[in-house]
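The structure appears below as structure tokens.
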Amino acid sequence: MKLLESLYAQEFKSITFHPRKARISAHKSILFGPKASGKTTLLHDYLSRRKKGSYLYIDFDDLRIDQALFIGLPNFIKAKGITLLVLDNFDFSFTVPQVDEVIISTNQDHTLEGFERVEIFPLDFEEFIAFAKRHIEIEAIFNDFAVAGTYPTMSQVPKDRIVKEFQKLIRLILPDPLERTLFKSFALAQGEKLSPYTLFQELKIFHKISKDRFYALLKRFEQERLIFLLPHYDKPKAKKKIYLIDFAIKSILTYDKDFIKRFENIIFLELHKSKEEIYYTDMIDFYLPQKNLAVIPMLFLPIEMIQTKLNRIQKELEHYQIKRVEILTLEAEGSIELEMISCEIIPFWNWALSR
């Protein structure tokens with residue numbers, strides 16, 4: 001009871017908060033997303049607008065929390081007239097008490113009957129602009145974005161401290177050394193076609209890990225949205241392409257500076273956050289069948305070389321009945337016409353901000 005009284009006495013004052021695209025709109029909501037994606041800050045901002053004494057906030061990552069408090073929780077809520085219960089970093093280890101309004105945050109892909117599920121991702125490009133506020137020129141903002149990545153806390157870190165601070169963040173997200181080692185292996189494969197079995201065979205040479213442990217961690221990383229495995233459209237047994245929750249992670253965990261793969265990952269995240277159904281094909285980086293759309297990164301190529309590449313893949317575009325191609329660059333802009341296919345060349349920042 002003393003612990004509950006201490007938690008009940010907490011007060012959340014207004015904070016400097018950059019609005020996110022995700023919103024808490026239902027009285028029963030589960031905020032689901034990777035660790036450090038901004039769920040707790042969103043909750044604190046939400047509570048700062050509520051009357052003190054009307055809510056109870058419990059953070060399950062707080063080492064002071066004792067499991068014994070759950071025994072007296074329903075009676076405490078009733079006695080205090082609490083109308084809002086917030087369970088931050090909840091592990092679903094007990095039944096949620098009956099309260100008018102319940103907001104849960106978790107990095108587990110979990111559902112509860114009657115609860116609206118709100119997916120929270122780290123920053124997309126548009127949100128990064130609001131967070132960073134370093135430059136006016138859009139190209140300079142993109143350069144910062146490409147270095148700092150998507151985690152909200154990293155948007156405020158000076159460039160000369162990004163590697164050190166980012167590595168601290170990764171240790172917080174993945175405290176177990178073996179988990180970090182496996183995650184680093186996935187990071188090295190960013191944008192590549194991956195065979196989990198081959199990766200396991202390579203990993204076990206240098207690290208003591210069982211097959212069951214490996215595949216359990218792979219499943220967890222997917223469920224917690226730390227990695228994404230992009231399937232081939234019409235070859236379900238083909239290797240999947242791997243992308244990371246933050247495109248900058250590979251450069252933080254290795255000295256490899258493959259910007260082409262990083263740019264692919266940037267585009268993938270923008271597409272994924274828009275809830276698009278995405279695949280790859282033999283010659284198309286991102287295929288969106290519901291929109292008959294192909295999205296292809298071509299970075300620094302001049303329009304003449306873009307035309308040459310499109311001519312080379314025209315038969316595949318026609319095979320998948322693609323009506324529109326969006327070619328994403330960092331410089332070129334314009335349009336190209338193929339037979340019955342509209343091809344638009346767009347700088348990434350224009351594309352991302354218009355979605």
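Labels for the structure tokens follow display order: chains A, B, ..., residues from 1 in each chain, ligands from 1.
Taking only C-alpha atoms, the non-local environment of Lys184 in chain A within 12 Å (same-chain residues fewer than 5 positions away omitted) comprises Gln167, Ile170, Arg171, Leu174, Pro177, Leu178, Glu179, Ala189, Gln190, Leu199, Leu203, Phe221, Leu226, Ile227, Leu244, Ile249, Lys250, Ser251, Ile252, Leu253, Thr254, Tyr255 and Asp256 of chain A.
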Write out, as an mmCIF file, in the first residue's frame, the residues just selected, with N, CA and C atoms.
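Here's the written file out.cif:
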```cif
data_model
loop_
_atom_site.group_PDB
_atom_site.id
_atom_site.type_symbol
_atom_site.label_atom_id
_atom_site.label_comp_id
_atom_site.auth_asym_id
_atom_site.auth_seq_id
_atom_site.Cartn_x
_atom_site.Cartn_y
_atom_site.Cartn_z
ATOM 1 N N GLN A 167 25.624 3.734 -29.155
ATOM 2 C CA GLN A 167 26.035 2.437 -28.621
ATOM 3 C C GLN A 167 25.508 2.229 -27.208
ATOM 4 N N ILE A 170 21.922 1.170 -27.607
ATOM 5 C CA ILE A 170 21.792 -0.231 -28.030
ATOM 6 C C ILE A 170 22.018 -1.174 -26.854
ATOM 7 N N ARG A 171 22.960 -0.815 -25.960
ATOM 8 C CA ARG A 171 23.180 -1.636 -24.756
ATOM 9 C C ARG A 171 21.951 -1.630 -23.846
ATOM 10 N N LEU A 174 19.334 -3.835 -25.785
ATOM 11 C CA LEU A 174 19.752 -5.252 -25.793
ATOM 12 C C LEU A 174 20.870 -5.443 -24.767
ATOM 13 N N PRO A 177 24.823 -9.641 -23.968
ATOM 14 C CA PRO A 177 25.878 -9.611 -24.998
ATOM 15 C C PRO A 177 25.595 -10.515 -26.199
ATOM 16 N N LEU A 178 25.026 -11.699 -25.947
ATOM 17 C CA LEU A 178 24.729 -12.602 -27.055
ATOM 18 C C LEU A 178 23.658 -12.011 -27.962
ATOM 19 N N GLU A 179 22.658 -11.371 -27.382
ATOM 20 C CA GLU A 179 21.621 -10.733 -28.179
ATOM 21 C C GLU A 179 22.220 -9.631 -29.056
ATOM 22 N N ALA A 189 24.009 -7.506 -42.415
ATOM 23 C CA ALA A 189 23.291 -7.978 -43.606
ATOM 24 C C ALA A 189 22.246 -6.977 -44.080
ATOM 25 N N GLN A 190 22.291 -5.743 -43.607
ATOM 26 C CA GLN A 190 21.309 -4.718 -43.977
ATOM 27 C C GLN A 190 21.136 -4.622 -45.495
ATOM 28 N N LEU A 199 23.223 -17.900 -41.540
ATOM 29 C CA LEU A 199 23.698 -17.000 -40.492
ATOM 30 C C LEU A 199 23.944 -17.768 -39.194
ATOM 31 N N LEU A 203 27.441 -18.104 -37.156
ATOM 32 C CA LEU A 203 27.480 -17.567 -35.801
ATOM 33 C C LEU A 203 27.961 -18.603 -34.791
ATOM 34 N N PHE A 221 13.178 -10.603 -32.227
ATOM 35 C CA PHE A 221 13.611 -9.382 -32.915
ATOM 36 C C PHE A 221 12.552 -8.924 -33.930
ATOM 37 N N LEU A 226 12.585 -4.926 -34.234
ATOM 38 C CA LEU A 226 13.994 -4.529 -34.326
ATOM 39 C C LEU A 226 14.544 -4.831 -35.716
ATOM 40 N N ILE A 227 14.011 -5.867 -36.338
ATOM 41 C CA ILE A 227 14.380 -6.197 -37.714
ATOM 42 C C ILE A 227 13.117 -6.499 -38.511
ATOM 43 N N LEU A 244 16.501 -2.854 -40.878
ATOM 44 C CA LEU A 244 16.599 -2.606 -39.438
ATOM 45 C C LEU A 244 15.624 -1.524 -39.016
ATOM 46 N N ILE A 249 21.959 2.047 -37.629
ATOM 47 C CA ILE A 249 22.541 1.092 -36.679
ATOM 48 C C ILE A 249 23.775 0.400 -37.238
ATOM 49 N N LYS A 250 23.754 0.028 -38.509
ATOM 50 C CA LYS A 250 24.904 -0.685 -39.078
ATOM 51 C C LYS A 250 26.173 0.142 -38.935
ATOM 52 N N SER A 251 26.093 1.443 -39.190
ATOM 53 C CA SER A 251 27.284 2.301 -39.097
ATOM 54 C C SER A 251 27.703 2.545 -37.653
ATOM 55 N N ILE A 252 26.804 2.243 -36.706
ATOM 56 C CA ILE A 252 27.120 2.389 -35.285
ATOM 57 C C ILE A 252 27.796 1.126 -34.749
ATOM 58 N N LEU A 253 27.449 -0.014 -35.328
ATOM 59 C CA LEU A 253 27.983 -1.296 -34.850
ATOM 60 C C LEU A 253 29.161 -1.786 -35.679
ATOM 61 N N THR A 254 29.401 -1.174 -36.837
ATOM 62 C CA THR A 254 30.506 -1.597 -37.692
ATOM 63 C C THR A 254 31.150 -0.350 -38.314
ATOM 64 N N TYR A 255 32.273 -0.557 -38.986
ATOM 65 C CA TYR A 255 32.915 0.541 -39.713
ATOM 66 C C TYR A 255 32.467 0.579 -41.178
ATOM 67 N N ASP A 256 31.514 -0.270 -41.521
ATOM 68 C CA ASP A 256 31.013 -0.328 -42.891
ATOM 69 C C ASP A 256 30.097 0.870 -43.152
#
```
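Within 10 Å of Leu169 in chain A, once only C-alpha atoms are used and residues closer than 2 positions along the same chain are dropped, the contacting residues are Lys35, Ala36, Tyr151, Thr153, Met154, Val163, Lys164, Glu165, Phe166, Gln167, Arg171, Leu172, Ile173, Leu174 and Pro175 of chain A.
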Those selected residues, please, written with C-alpha atoms and delivered as a CSV table (one decimal), in the first residue's frame.
```
chain,number,residue,atom,x,y,z
A,35,LYS,CA,12.1,0.2,-27.0
A,36,ALA,CA,13.2,3.9,-27.1
A,151,TYR,CA,15.5,7.2,-32.4
A,153,THR,CA,16.9,10.8,-28.3
A,154,MET,CA,19.6,10.6,-31.0
A,163,VAL,CA,28.4,6.8,-32.1
A,164,LYS,CA,29.1,6.7,-28.4
A,165,GLU,CA,25.6,7.7,-27.3
A,166,PHE,CA,24.0,5.4,-29.9
A,167,GLN,CA,26.0,2.4,-28.6
A,171,ARG,CA,23.2,-1.6,-24.8
A,172,LEU,CA,20.0,-0.4,-23.0
A,173,ILE,CA,17.8,-2.0,-25.6
A,174,LEU,CA,19.8,-5.3,-25.8
A,175,PRO,CA,21.5,-5.7,-22.4
```
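The space separating CA of Asn143 in chain A from CA of Glu333 in chain A comes to 18.3 Å.
Using only C-alpha atoms, the smallest distance between any of A:Glu264, A:Glu101, A:Asp45, A:Asp62 and Ile327 in chain A comes from A:Glu264.
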All strand (DSSP E) positions in range 80-314 of chain A, as a PyMOL selection string: chain A and resi 84-88+101-106+116-119+193-194+227-230+240-244+286-288+293-299
Can you write out the residues you just picked, keeping C-alpha atoms, as a compact mmCIF listing (two decimals), in the first residue's frame?
```
# COMPACT_ATOMS: atom_id res chain seq x y z
CA LEU A 84 -7.07 6.50 -15.61
CA LEU A 85 -4.55 3.69 -15.18
CA VAL A 86 -1.31 3.85 -17.17
CA LEU A 87 0.84 0.71 -17.33
CA ASP A 88 4.14 1.64 -18.96
CA GLU A 101 -9.52 4.48 -19.00
CA VAL A 102 -6.47 2.22 -19.38
CA ILE A 103 -3.40 3.06 -21.45
CA ILE A 104 -0.74 0.36 -21.83
CA SER A 105 2.69 0.60 -23.44
CA THR A 106 4.70 -2.45 -24.44
CA GLU A 116 -7.24 -0.11 -29.64
CA ARG A 117 -3.72 -0.91 -30.80
CA VAL A 118 -1.53 2.11 -31.59
CA GLU A 119 1.79 1.29 -33.25
CA LYS A 193 19.04 -11.33 -48.98
CA LEU A 194 19.36 -13.37 -45.81
CA ILE A 227 14.38 -6.20 -37.71
CA PHE A 228 12.13 -6.68 -40.74
CA LEU A 229 12.36 -9.52 -43.25
CA LEU A 230 11.01 -8.48 -46.64
CA LYS A 240 14.22 -12.47 -47.45
CA LYS A 241 15.84 -9.03 -47.51
CA ILE A 242 16.68 -7.67 -44.08
CA TYR A 243 16.08 -4.14 -42.88
CA LEU A 244 16.60 -2.61 -39.44
CA PHE A 286 10.10 -2.37 -53.45
CA TYR A 287 6.92 -3.64 -55.07
CA LEU A 288 3.51 -2.50 -53.76
CA LEU A 293 3.62 0.68 -57.79
CA ALA A 294 7.37 0.12 -57.86
CA VAL A 295 9.67 2.21 -55.66
CA ILE A 296 13.32 2.15 -56.74
CA PRO A 297 16.27 4.00 -55.14
CA MET A 298 18.82 5.32 -57.66
CA LEU A 299 20.75 7.82 -55.56
```
Point-to-point distance in Å for CA of Ala187 in chain A and CA of Tyr215 in chain A: 16.4 Å
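Neighbours of Ala146 in chain A closer than or equal to 8 Å, with only C-alpha atoms counted and sequence neighbours fewer than 6 positions away skipped, come out as Phe247, Ala248 and Arg262 of chain A.
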Sel. of helix (DSSP H, G or I) residues, range 194-337 of chain A, as a PyMOL selection string: chain A and resi 196-206+211-223+249-253+259-273+289-291+303-319
Minimum-distance residue to Leu188 in chain A, chosen among A:Gln98, A:Phe76, A:Lys257, A:Tyr46 (using only C-alpha atoms): A:Lys257
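When CA of Asp285 in chain A is paired with CA of Lys21 in chain A, their separation reads 26.5 Å.
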Surrounding residues of Tyr55 in chain A excluding itself and chain neighbours under 2 positions, 7 Å, only C-alpha atoms, as an MDAnalysis selection string: chainID A and resid 52:53 57 82:85
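By only C-alpha atoms, and with residues fewer than 5 positions from range 337-343 of chain A along its chain excluded, the set lying at most 10 Å from it is Leu293, Ala294, Val295, Gln307, Leu310, Asn311, Gln314, Leu317, Glu318, Gln321, Ile322, Lys323, Arg324, Val325, Glu326 and Ile327 of chain A.
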For the residues selected in the previous step, produce a file with C-alpha atoms as a PDB file, in the first residue's frame.
```
ATOM      1  CA  LEU A 293       3.622   0.683 -57.792  1.00  0.00           C
ATOM      2  CA  ALA A 294       7.373   0.123 -57.859  1.00  0.00           C
ATOM      3  CA  VAL A 295       9.673   2.211 -55.657  1.00  0.00           C
ATOM      4  CA  GLN A 307      16.413   5.790 -68.379  1.00  0.00           C
ATOM      5  CA  LEU A 310      14.366   1.444 -66.574  1.00  0.00           C
ATOM      6  CA  ASN A 311      14.657   0.090 -70.108  1.00  0.00           C
ATOM      7  CA  GLN A 314      10.763  -2.765 -68.373  1.00  0.00           C
ATOM      8  CA  LEU A 317       7.552  -3.928 -64.689  1.00  0.00           C
ATOM      9  CA  GLU A 318       5.092  -5.065 -67.343  1.00  0.00           C
ATOM     10  CA  GLN A 321       1.386  -4.904 -64.254  1.00  0.00           C
ATOM     11  CA  ILE A 322       3.045  -1.894 -62.652  1.00  0.00           C
ATOM     12  CA  LYS A 323       1.441   1.375 -63.674  1.00  0.00           C
ATOM     13  CA  ARG A 324       3.709   3.781 -61.796  1.00  0.00           C
ATOM     14  CA  VAL A 325       7.381   3.864 -60.820  1.00  0.00           C
ATOM     15  CA  GLU A 326       8.767   6.213 -58.193  1.00  0.00           C
ATOM     16  CA  ILE A 327      12.535   6.614 -58.567  1.00  0.00           C
TER      17      ILE A 327
END
```
